[in-house]
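S.K.: The structure file my_file.cif (mmCIF, C-alpha atoms and all ligand atoms) is provided below.
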```cif
data_run
loop_
_atom_site.group_PDB
_atom_site.id
_atom_site.type_symbol
_atom_site.label_atom_id
_atom_site.label_comp_id
_atom_site.auth_asym_id
_atom_site.auth_seq_id
_atom_site.Cartn_x
_atom_site.Cartn_y
_atom_site.Cartn_z
ATOM 1 C CA MET A 1 34.093 102.889 40.468
ATOM 2 C CA THR A 2 35.001 99.191 40.585
ATOM 3 C CA PRO A 3 33.188 96.854 43.015
ATOM 4 C CA ASP A 4 36.529 96.393 44.855
ATOM 5 C CA LEU A 5 36.875 100.090 45.504
ATOM 6 C CA LEU A 6 33.259 100.337 46.547
ATOM 7 C CA GLU A 7 33.754 97.520 49.007
ATOM 8 C CA GLN A 8 36.895 99.098 50.420
ATOM 9 C CA GLY A 9 35.080 102.385 50.852
ATOM 10 C CA GLU A 10 32.226 100.670 52.599
ATOM 11 C CA GLN A 11 34.608 98.893 54.976
ATOM 12 C CA ARG A 12 36.404 102.136 55.780
ATOM 13 C CA LEU A 13 33.093 103.831 56.522
ATOM 14 C CA LYS A 14 31.997 100.972 58.756
ATOM 15 C CA ALA A 15 35.275 101.074 60.679
ATOM 16 C CA ARG A 16 34.907 104.818 61.148
ATOM 17 C CA GLN A 17 31.344 104.464 62.364
ATOM 18 C CA GLU A 18 32.345 101.755 64.831
ATOM 19 C CA LYS A 19 35.190 103.936 66.085
ATOM 20 C CA VAL A 20 32.819 106.801 66.762
ATOM 21 C CA LEU A 21 30.440 104.635 68.724
ATOM 22 C CA ARG A 22 33.316 103.025 70.672
ATOM 23 C CA GLY A 23 34.694 106.486 71.313
ATOM 24 C CA LYS A 24 31.485 107.376 73.071
ATOM 25 C CA THR A 25 31.765 104.604 75.637
ATOM 26 C CA GLU A 26 35.498 104.988 76.155
ATOM 27 C CA SER A 27 35.793 108.736 76.298
ATOM 28 C CA GLY A 28 33.091 109.333 78.876
ATOM 29 C CA GLY A 29 31.045 111.630 76.688
ATOM 30 C CA ARG A 30 30.932 115.347 76.266
ATOM 31 C CA ALA A 31 33.007 116.281 79.316
ATOM 32 C CA ALA A 32 36.006 114.330 78.121
ATOM 33 C CA GLY A 33 36.785 116.045 74.857
ATOM 34 C CA PHE A 34 34.052 118.368 73.814
ATOM 35 C CA SER A 35 35.001 121.539 72.096
ATOM 36 C CA HIS A 36 32.620 124.106 70.693
ATOM 37 C CA LEU A 37 32.078 123.608 66.995
ATOM 38 C CA VAL A 38 30.449 126.888 66.267
ATOM 39 C CA THR A 39 32.592 129.835 67.159
ATOM 40 C CA SER A 40 30.095 132.526 66.275
ATOM 41 C CA GLY A 41 29.794 135.398 68.732
ATOM 42 C CA GLU A 42 27.737 135.110 71.834
ATOM 43 C CA VAL A 43 24.155 136.286 71.665
ATOM 44 C CA ASP A 44 23.397 138.955 74.242
ATOM 45 C CA VAL A 45 20.302 137.802 76.105
ATOM 46 C CA THR A 46 20.712 140.026 79.157
ATOM 47 C CA HIS A 47 17.397 141.660 78.306
ATOM 48 C CA GLY A 48 15.669 138.304 78.544
ATOM 49 C CA ARG A 49 15.013 137.816 74.841
ATOM 50 C CA ILE A 50 16.702 135.680 72.257
ATOM 51 C CA LEU A 51 14.414 136.852 69.471
ATOM 52 C CA TYR A 52 12.623 140.135 69.131
ATOM 53 C CA LEU A 53 10.326 141.298 66.333
ATOM 54 C CA GLU A 54 8.672 144.690 66.360
ATOM 55 C CA ASP A 55 6.185 146.167 63.899
ATOM 56 C CA VAL A 56 7.280 143.909 61.069
ATOM 57 C CA THR A 57 5.368 144.234 57.803
ATOM 58 C CA VAL A 58 5.822 142.537 54.449
ATOM 59 C CA SER A 59 3.558 142.749 51.410
ATOM 60 C CA PHE A 60 3.355 140.526 48.370
ATOM 61 C CA ASP A 61 1.682 142.328 45.477
ATOM 62 C CA GLY A 62 -0.020 144.711 47.880
ATOM 63 C CA PHE A 63 -1.224 141.931 50.205
ATOM 64 C CA LYS A 64 0.159 142.239 53.731
ATOM 65 C CA ALA A 65 1.241 138.690 54.591
ATOM 66 C CA ILE A 66 2.853 140.064 57.763
ATOM 67 C CA ASN A 67 1.180 143.103 59.239
ATOM 68 C CA ASN A 68 2.766 145.033 62.127
ATOM 69 C CA LEU A 69 3.873 141.819 63.773
ATOM 70 C CA SER A 70 5.494 142.137 67.205
ATOM 71 C CA LEU A 71 6.677 139.131 69.174
ATOM 72 C CA ASP A 72 9.537 138.062 71.413
ATOM 73 C CA ILE A 73 10.949 134.810 72.717
ATOM 74 C CA ALA A 74 12.924 134.179 75.899
ATOM 75 C CA PRO A 75 16.163 132.170 75.949
ATOM 76 C CA GLY A 76 15.457 128.460 76.380
ATOM 77 C CA GLU A 77 11.767 128.935 75.694
ATOM 78 C CA LEU A 78 9.704 126.553 73.574
ATOM 79 C CA ARG A 79 7.168 128.815 71.866
ATOM 80 C CA CYS A 80 4.297 127.352 69.903
ATOM 81 C CA ILE A 81 2.783 129.276 67.014
ATOM 82 C CA ILE A 82 -0.647 128.357 65.725
ATOM 83 C CA GLY A 83 -3.056 129.997 63.324
ATOM 84 C CA PRO A 84 -5.068 129.434 60.161
ATOM 85 C CA ASN A 85 -3.596 128.701 56.731
ATOM 86 C CA GLY A 86 -2.143 131.832 55.229
ATOM 87 C CA ALA A 87 -1.765 133.565 58.620
ATOM 88 C CA GLY A 88 1.888 134.292 57.862
ATOM 89 C CA LYS A 89 3.594 131.676 60.069
ATOM 90 C CA THR A 90 6.008 130.424 57.425
ATOM 91 C CA THR A 91 6.573 133.955 56.132
ATOM 92 C CA MET A 92 7.551 134.998 59.660
ATOM 93 C CA MET A 93 10.197 132.244 59.670
ATOM 94 C CA ASP A 94 11.341 133.394 56.224
ATOM 95 C CA ILE A 95 11.899 136.860 57.664
ATOM 96 C CA ILE A 96 13.777 135.662 60.764
ATOM 97 C CA THR A 97 16.085 133.491 58.658
ATOM 98 C CA GLY A 98 16.790 136.171 56.048
ATOM 99 C CA LYS A 99 14.962 134.440 53.200
ATOM 100 C CA THR A 100 12.466 137.288 52.917
ATOM 101 C CA ARG A 101 13.182 140.944 53.670
ATOM 102 C CA PRO A 102 10.389 142.830 55.432
ATOM 103 C CA ASP A 103 9.226 146.195 54.093
ATOM 104 C CA SER A 104 9.545 147.675 57.578
ATOM 105 C CA GLY A 105 10.094 146.733 61.191
ATOM 106 C CA THR A 106 12.782 145.433 63.505
ATOM 107 C CA VAL A 107 14.122 141.886 63.900
ATOM 108 C CA PHE A 108 16.786 141.264 66.548
ATOM 109 C CA PHE A 109 18.645 138.147 67.654
ATOM 110 C CA GLY A 110 19.446 138.873 71.287
ATOM 111 C CA SER A 111 19.655 142.561 72.035
ATOM 112 C CA THR A 112 22.538 143.425 69.730
ATOM 113 C CA ILE A 113 22.258 141.508 66.455
ATOM 114 C CA ASP A 114 20.075 143.208 63.862
ATOM 115 C CA LEU A 115 19.113 140.251 61.675
ATOM 116 C CA LEU A 116 17.961 142.473 58.826
ATOM 117 C CA ARG A 117 21.599 143.313 58.147
ATOM 118 C CA TYR A 118 22.592 139.728 57.460
ATOM 119 C CA THR A 119 22.173 137.181 54.684
ATOM 120 C CA GLU A 120 20.479 133.810 55.013
ATOM 121 C CA PRO A 121 23.785 131.851 55.324
ATOM 122 C CA GLN A 122 25.170 134.352 57.839
ATOM 123 C CA ILE A 123 22.044 134.009 59.975
ATOM 124 C CA ALA A 124 22.310 130.212 59.900
ATOM 125 C CA GLN A 125 25.955 130.544 60.884
ATOM 126 C CA MET A 126 25.044 132.730 63.861
ATOM 127 C CA GLY A 127 23.057 129.879 65.333
ATOM 128 C CA ILE A 128 19.527 130.041 63.944
ATOM 129 C CA GLY A 129 18.596 126.615 62.569
ATOM 130 C CA ARG A 130 15.519 126.065 60.473
ATOM 131 C CA LYS A 131 13.560 122.975 59.627
ATOM 132 C CA PHE A 132 11.173 123.096 56.700
ATOM 133 C CA GLN A 133 8.101 120.887 56.588
ATOM 134 C CA LYS A 134 9.431 118.386 54.076
ATOM 135 C CA PRO A 135 12.386 116.302 55.273
ATOM 136 C CA THR A 136 15.513 117.160 53.322
ATOM 137 C CA VAL A 137 17.968 114.445 54.285
ATOM 138 C CA PHE A 138 20.360 112.856 51.800
ATOM 139 C CA GLU A 139 18.504 109.661 50.956
ATOM 140 C CA GLN A 140 21.510 107.819 49.482
ATOM 141 C CA LEU A 141 23.673 108.370 52.547
ATOM 142 C CA THR A 142 23.522 106.590 55.900
ATOM 143 C CA VAL A 143 22.252 108.191 59.091
ATOM 144 C CA PHE A 144 25.867 108.579 60.192
ATOM 145 C CA GLU A 145 26.967 110.201 56.943
ATOM 146 C CA ASN A 146 24.076 112.660 57.042
ATOM 147 C CA LEU A 147 25.069 113.822 60.527
ATOM 148 C CA GLU A 148 28.734 113.958 59.549
ATOM 149 C CA LEU A 149 27.827 116.063 56.544
ATOM 150 C CA ALA A 150 26.003 118.505 58.793
ATOM 151 C CA LEU A 151 29.311 119.074 60.568
ATOM 152 C CA LYS A 152 31.123 119.663 57.302
ATOM 153 C CA THR A 153 28.751 122.405 56.296
ATOM 154 C CA ASP A 154 29.534 124.140 59.571
ATOM 155 C CA LYS A 155 31.663 127.118 58.600
ATOM 156 C CA GLY A 156 33.690 126.670 61.785
ATOM 157 C CA VAL A 157 35.280 123.687 60.105
ATOM 158 C CA LYS A 158 37.471 125.402 57.579
ATOM 159 C CA SER A 159 37.400 123.036 54.657
ATOM 160 C CA SER A 160 35.323 119.926 54.189
ATOM 161 C CA MET A 161 38.119 118.546 51.972
ATOM 162 C CA PHE A 162 40.376 118.205 55.000
ATOM 163 C CA PHE A 163 37.628 117.412 57.450
ATOM 164 C CA ARG A 164 38.412 114.744 60.026
ATOM 165 C CA LEU A 165 36.102 113.692 62.793
ATOM 166 C CA ASP A 166 37.858 114.490 66.086
ATOM 167 C CA SER A 167 36.847 113.233 69.521
ATOM 168 C CA GLY A 168 34.731 116.319 70.233
ATOM 169 C CA HIS A 169 32.813 115.759 67.013
ATOM 170 C CA SER A 170 32.424 112.059 67.817
ATOM 171 C CA ASP A 171 30.985 112.798 71.224
ATOM 172 C CA ARG A 172 28.551 115.236 69.725
ATOM 173 C CA LEU A 173 27.551 112.786 67.016
ATOM 174 C CA ALA A 174 26.893 110.033 69.544
ATOM 175 C CA GLU A 175 24.935 112.423 71.746
ATOM 176 C CA VAL A 176 22.790 113.630 68.845
ATOM 177 C CA LEU A 177 22.146 110.052 67.671
ATOM 178 C CA HIS A 178 20.879 109.245 71.127
ATOM 179 C CA THR A 179 18.734 112.395 71.336
ATOM 180 C CA ILE A 180 17.008 111.710 68.022
ATOM 181 C CA HIS A 181 16.405 108.027 68.821
ATOM 182 C CA LEU A 182 18.546 106.799 65.929
ATOM 183 C CA ALA A 183 21.503 105.318 67.810
ATOM 184 C CA GLY A 184 20.451 101.868 66.623
ATOM 185 C CA SER A 185 20.252 102.942 62.976
ATOM 186 C CA VAL A 186 23.631 104.556 62.234
ATOM 187 C CA THR A 187 24.404 102.440 59.192
ATOM 188 C CA ARG A 188 20.911 102.535 57.715
ATOM 189 C CA GLN A 189 20.443 104.424 54.507
ATOM 190 C CA ALA A 190 18.380 107.545 55.184
ATOM 191 C CA GLY A 191 16.080 106.736 52.265
ATOM 192 C CA ASN A 192 14.951 103.603 54.101
ATOM 193 C CA LEU A 193 13.918 105.419 57.268
ATOM 194 C CA SER A 194 10.275 106.094 58.115
ATOM 195 C CA HIS A 195 8.949 109.603 57.536
ATOM 196 C CA GLY A 196 9.216 110.326 61.263
ATOM 197 C CA GLN A 197 12.787 109.065 61.465
ATOM 198 C CA LYS A 198 13.751 111.259 58.514
ATOM 199 C CA GLN A 199 12.318 114.248 60.335
ATOM 200 C CA TRP A 200 14.338 113.352 63.436
ATOM 201 C CA LEU A 201 17.463 112.905 61.352
ATOM 202 C CA GLU A 202 17.014 116.354 59.888
ATOM 203 C CA ILE A 203 16.563 117.790 63.373
ATOM 204 C CA GLY A 204 19.737 115.906 64.321
ATOM 205 C CA MET A 205 21.564 117.544 61.418
ATOM 206 C CA LEU A 206 20.547 120.924 62.800
ATOM 207 C CA LEU A 207 21.602 119.918 66.304
ATOM 208 C CA MET A 208 25.082 118.995 65.047
ATOM 209 C CA GLN A 209 25.640 122.722 64.602
ATOM 210 C CA ASP A 210 24.449 123.506 68.131
ATOM 211 C CA PRO A 211 21.907 126.172 67.160
ATOM 212 C CA LYS A 212 20.827 128.688 69.765
ATOM 213 C CA LEU A 213 17.418 129.101 68.178
ATOM 214 C CA LEU A 214 15.550 126.425 66.236
ATOM 215 C CA LEU A 215 12.611 127.225 63.980
ATOM 216 C CA LEU A 216 10.467 124.198 63.166
ATOM 217 C CA ASP A 217 7.668 124.429 60.624
ATOM 218 C CA GLU A 218 4.997 121.732 61.066
ATOM 219 C CA PRO A 219 7.441 119.111 62.356
ATOM 220 C CA VAL A 220 4.853 116.394 63.051
ATOM 221 C CA ALA A 221 2.829 116.703 59.840
ATOM 222 C CA GLY A 222 2.474 113.228 58.349
ATOM 223 C CA MET A 223 3.827 111.431 61.424
ATOM 224 C CA THR A 224 2.137 108.471 63.090
ATOM 225 C CA ASP A 225 0.725 109.019 66.587
ATOM 226 C CA GLU A 226 3.668 107.195 68.093
ATOM 227 C CA GLU A 227 6.194 109.258 66.136
ATOM 228 C CA THR A 228 4.349 112.421 67.170
ATOM 229 C CA ALA A 229 4.570 111.401 70.836
ATOM 230 C CA ARG A 230 8.304 110.733 70.532
ATOM 231 C CA THR A 231 8.800 114.074 68.802
ATOM 232 C CA ALA A 232 7.045 115.792 71.702
ATOM 233 C CA GLU A 233 9.484 114.068 74.074
ATOM 234 C CA LEU A 234 12.389 115.136 71.898
ATOM 235 C CA PHE A 235 11.315 118.788 71.892
ATOM 236 C CA LEU A 236 10.875 118.774 75.645
ATOM 237 C CA THR A 237 14.463 117.571 76.027
ATOM 238 C CA LEU A 238 15.706 120.320 73.675
ATOM 239 C CA LYS A 239 13.883 123.048 75.569
ATOM 240 C CA GLY A 240 16.206 124.966 77.877
ATOM 241 C CA LYS A 241 19.327 123.942 75.964
ATOM 242 C CA HIS A 242 18.000 125.684 72.856
ATOM 243 C CA SER A 243 15.237 128.171 72.215
ATOM 244 C CA LEU A 244 12.547 126.778 69.943
ATOM 245 C CA MET A 245 9.797 128.222 67.816
ATOM 246 C CA VAL A 246 7.395 125.506 66.696
ATOM 247 C CA VAL A 247 4.632 126.052 64.151
ATOM 248 C CA GLU A 248 2.013 123.287 64.227
ATOM 249 C CA HIS A 249 -1.626 122.597 63.442
ATOM 250 C CA ASP A 250 -1.695 119.410 65.549
ATOM 251 C CA MET A 251 -3.401 120.536 68.760
ATOM 252 C CA SER A 252 -2.779 117.300 70.676
ATOM 253 C CA PHE A 253 0.947 117.802 70.036
ATOM 254 C CA ILE A 254 0.758 121.473 71.066
ATOM 255 C CA LYS A 255 -1.024 120.421 74.231
ATOM 256 C CA VAL A 256 1.897 118.216 75.294
ATOM 257 C CA ILE A 257 4.756 120.605 74.508
ATOM 258 C CA SER A 258 3.368 124.101 74.966
ATOM 259 C CA GLU A 259 4.019 126.768 77.555
ATOM 260 C CA ILE A 260 3.080 129.974 75.785
ATOM 261 C CA VAL A 261 1.092 129.720 72.573
ATOM 262 C CA THR A 262 0.969 132.603 70.101
ATOM 263 C CA VAL A 263 -1.930 132.727 67.665
ATOM 264 C CA LEU A 264 -1.169 134.420 64.357
ATOM 265 C CA SER A 265 -3.919 135.655 62.096
ATOM 266 C CA GLU A 266 -3.701 137.906 59.050
ATOM 267 C CA GLY A 267 -0.036 138.570 59.684
ATOM 268 C CA SER A 268 -0.165 139.653 63.313
ATOM 269 C CA VAL A 269 -0.635 138.320 66.827
ATOM 270 C CA LEU A 270 -4.298 137.686 67.554
ATOM 271 C CA ALA A 271 -3.854 136.174 71.000
ATOM 272 C CA GLN A 272 -1.179 134.807 73.279
ATOM 273 C CA GLY A 273 -1.202 132.765 76.487
ATOM 274 C CA THR A 274 -1.458 129.191 77.680
ATOM 275 C CA LEU A 275 -3.188 126.791 75.300
ATOM 276 C CA GLU A 276 -6.217 126.831 77.550
ATOM 277 C CA GLN A 277 -6.364 130.622 77.484
ATOM 278 C CA VAL A 278 -6.140 130.906 73.714
ATOM 279 C CA GLN A 279 -8.553 128.016 73.197
ATOM 280 C CA ASN A 280 -11.139 129.936 75.201
ATOM 281 C CA ASP A 281 -10.531 133.209 73.397
ATOM 282 C CA GLU A 282 -13.606 134.063 71.317
ATOM 283 C CA ARG A 283 -11.552 135.620 68.502
ATOM 284 C CA VAL A 284 -9.353 132.539 68.236
ATOM 285 C CA ILE A 285 -12.386 130.261 68.169
ATOM 286 C CA GLU A 286 -13.840 132.458 65.440
ATOM 287 C CA VAL A 287 -10.853 132.491 63.050
ATOM 288 C CA TYR A 288 -9.157 129.183 63.786
ATOM 289 C CA LEU A 289 -10.387 126.609 66.223
ATOM 290 C CA GLY A 290 -14.060 126.707 65.348
ATOM 291 C CA ARG A 291 -16.944 125.974 67.650
HETATM 292 N N1 LIG B 1 6.885 134.625 48.265
HETATM 293 C C1 LIG B 1 5.579 134.899 48.267
HETATM 294 N N2 LIG B 1 4.978 135.552 47.247
HETATM 295 C C2 LIG B 1 3.677 135.852 47.261
HETATM 296 N N3 LIG B 1 2.845 135.539 48.269
HETATM 297 C C3 LIG B 1 3.366 134.875 49.315
HETATM 298 C C4 LIG B 1 4.753 134.523 49.385
HETATM 299 N N4 LIG B 1 4.988 133.882 50.559
HETATM 300 C C5 LIG B 1 3.806 133.831 51.185
HETATM 301 N N5 LIG B 1 2.822 134.437 50.461
HETATM 302 C C6 LIG B 1 1.421 134.608 50.875
HETATM 303 O O1 LIG B 1 1.438 135.106 52.204
HETATM 304 C C7 LIG B 1 0.388 134.549 52.961
HETATM 305 C C8 LIG B 1 0.961 133.884 54.186
HETATM 306 O O2 LIG B 1 1.535 132.660 53.809
HETATM 307 P P1 LIG B 1 2.306 131.705 54.806
HETATM 308 O O3 LIG B 1 2.855 130.616 53.979
HETATM 309 O O4 LIG B 1 3.255 132.484 55.619
HETATM 310 O O5 LIG B 1 1.107 131.166 55.724
HETATM 311 P P2 LIG B 1 1.129 130.068 56.867
HETATM 312 O O6 LIG B 1 0.612 130.710 58.094
HETATM 313 O O7 LIG B 1 2.481 129.452 56.941
HETATM 314 O O8 LIG B 1 0.048 129.022 56.342
HETATM 315 P P3 LIG B 1 0.007 127.414 56.435
HETATM 316 O O9 LIG B 1 -0.570 127.088 57.785
HETATM 317 O O10 LIG B 1 -0.922 127.025 55.334
HETATM 318 O O11 LIG B 1 1.383 126.893 56.234
HETATM 319 C C9 LIG B 1 -0.367 133.606 52.041
HETATM 320 O O12 LIG B 1 -1.468 134.293 51.526
HETATM 321 C C10 LIG B 1 0.649 133.298 50.963
HETATM 322 O O13 LIG B 1 0.013 133.001 49.753
HETATM 323 MG MG MG B 2 3.203 127.536 56.563
#
```
What is this structure when it is put down as structure tokens?
M.R.:
Amino acid sequence: MTPDLLEQGEQRLKARQEKVLRGKTESGGRAAGFSHLVTSGEVDVTHGRILYLEDVTVSFDGFKAINNLSLDIAPGELRCIIGPNGAGKTTMMDIITGKTRPDSGTVFFGSTIDLLRYTEPQIAQMGIGRKFQKPTVFEQLTVFENLELALKTDKGVKSSMFFRLDSGHSDRLAEVLHTIHLAGSVTRQAGNLSHGQKQWLEIGMLLMQDPKLLLLDEPVAGMTDEETARTAELFLTLKGKHSLMVVEHDMSFIKVISEIVTVLSEGSVLAQGTLEQVQNDERVIEVYLGR
């Protein structure tokens, strides 16, 4: 591409970004033009659960990484999962998201959707967003472009070729930028962000698709104390609007965000309760927290 074309493209992008941000102040936010982006069916939570696992088992070469695991999560809940290395926390997320098939057991999203009948992309489409430990943003693109791209991969938008940002999308983008503390960095290249900011951007990309359930695997690993504190704030604002399952080893972080903490060990639930309760549980002290 010639430098001229590059420059033109850059100017167009800048104009578009400015328009989006102006749109936010002029349109009056979500109420003015918001339309649902994800048109997947409603999740039936009348039984008080958004996620339900019962007697789930999976073996790798005869080793039971998940062993008769039963667990459920209420709508809007922020559930923390802790436990020693190899306890099966990531494998549990692999099962919920369709990446790994269990040998036996039941996994339901709400009371009607049997997740074991669906593929990984279908499950994502239904409104289960997942964040892996390592940030996976597009380093060459700006913050804005990364969030825009997250919209394009939304199957509700028929073809990314003909994708145009409408006012509903713009409102959402501005709202997400604000939520993830990156409103002042829209034109920055993602590769130049700090580790923490990249993590927030990736969470923002998930939020663009308005997930009902968010699974976050060690979200504050490698963050500075300040970034960790801001992430705790962020999660507390997401709670209620979304259901969250957060796997973490950072106990000071868990202390700030937790309501119910589930301790996994050897593929099943060892203990569950408030952080204080599980911290005082002899079995938990034995296998995880130490004396
Ligand atoms: N695809 C796989 N093939 C073989 N073994 C696996 C596979 N996935 C996980 N395991 C094994 O299952 C066990 C549980 O691993 P998992 O990654 O779920 O633990 P974890 O609780 O997430 O640990 P950590 O806190 O270290 O992230 C480990 O012994 C791991 O080696
Ligand atoms: Mg893990």
S.K.: Let me make sure I understand: among A:Ser265, A:Val246, A:Val220, A:Lys212, which one has the smallest atom-to-atom distance to Ile285 of chain A if we use all atoms listed in the file?
M.R.: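 When distances to Ile285 of chain A are compared using all atoms listed in the file, the smallest one comes from A:Ser265.
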S.K.: Here's the selection I'm unsure about, the PyMOL selection byres (((not hetatm)) within 8 of (chain B and resi 2)); applied to the file above, which residues does it give, as a PyMOL selection string?
M.R.: chain A and resi 85-86+88-91+217-218+247
S.K.: To check your reading of the model: which residues sit at most 12 Å from ligand LIG 1 (chain B) when counting all atoms listed in the file? Write the answer as an NGL selection string.
M.R.: :A and (57-67 or 81-95 or 99-102 or 132-134 or 216-219 or 221 or 246-250 or 263-269 or 288)
S.K.: What gap, in Å, lies between atom CA of Phe144 of chain A and atom CA of Ala174 of chain A?
M.R.: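 Atom-to-atom, atom CA of Phe144 of chain A to atom CA of Ala174 of chain A, that is 9.5 Å.
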S.K.: For Lys131 of chain A, which residue out of A:Leu53, A:Leu215, A:Leu207, A:Val143 is the nearest one, using only C-alpha atoms?
M.R.: A:Leu215
S.K.: Identify, on the basis of all atoms listed in the file, every residue whose closest approach to Ala232 of chain A does not exceed 9 Å; exclude the query and any residue fewer than 4 positions from it along the same chain; express the result as a ChimeraX atom specification.
M.R.: /A:220,227-228,236-237,253-254,256-257
S.K.: Kindly save the residues from that selection, with C-alpha atoms included, as a compact mmCIF listing (two decimals), in the coordinates of the input.
M.R.:
```txt
# COMPACT_ATOMS: atom_id res chain seq x y z
CA VAL A 220 4.85 116.39 63.05
CA GLU A 227 6.19 109.26 66.14
CA THR A 228 4.35 112.42 67.17
CA LEU A 236 10.88 118.77 75.64
CA THR A 237 14.46 117.57 76.03
CA PHE A 253 0.95 117.80 70.04
CA ILE A 254 0.76 121.47 71.07
CA VAL A 256 1.90 118.22 75.29
CA ILE A 257 4.76 120.60 74.51
```
S.K.: Would you please work out which residue, of A:Ile180, A:Ser243, A:Thr274, A:Lys198, is nearest to Arg230 of chain A when using all atoms listed in the file?
M.R.: A:Ile180
S.K.: Measuring atom to atom with only C-alpha atoms, identify which of A:Leu69, A:His169, A:Ser258, A:Val287 is nearest to Gly273 of chain A.
M.R.: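 Smallest separation from Gly273 of chain A among the options: A:Ser258.
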S.K.: Could you pull the residues within 8 Å of Thr112 of chain A, counting only C-alpha atoms, minus those fewer than 2 positions along the same chain, as JSON, numbers by chain?
M.R.: {"A": [43, 44, 108, 109, 110, 114]}
S.K.: To one decimal place in Å, what is the distance between atom CA of Gly240 of chain A and atom CA of Met126 of chain A?
M.R.: 18.3 Å
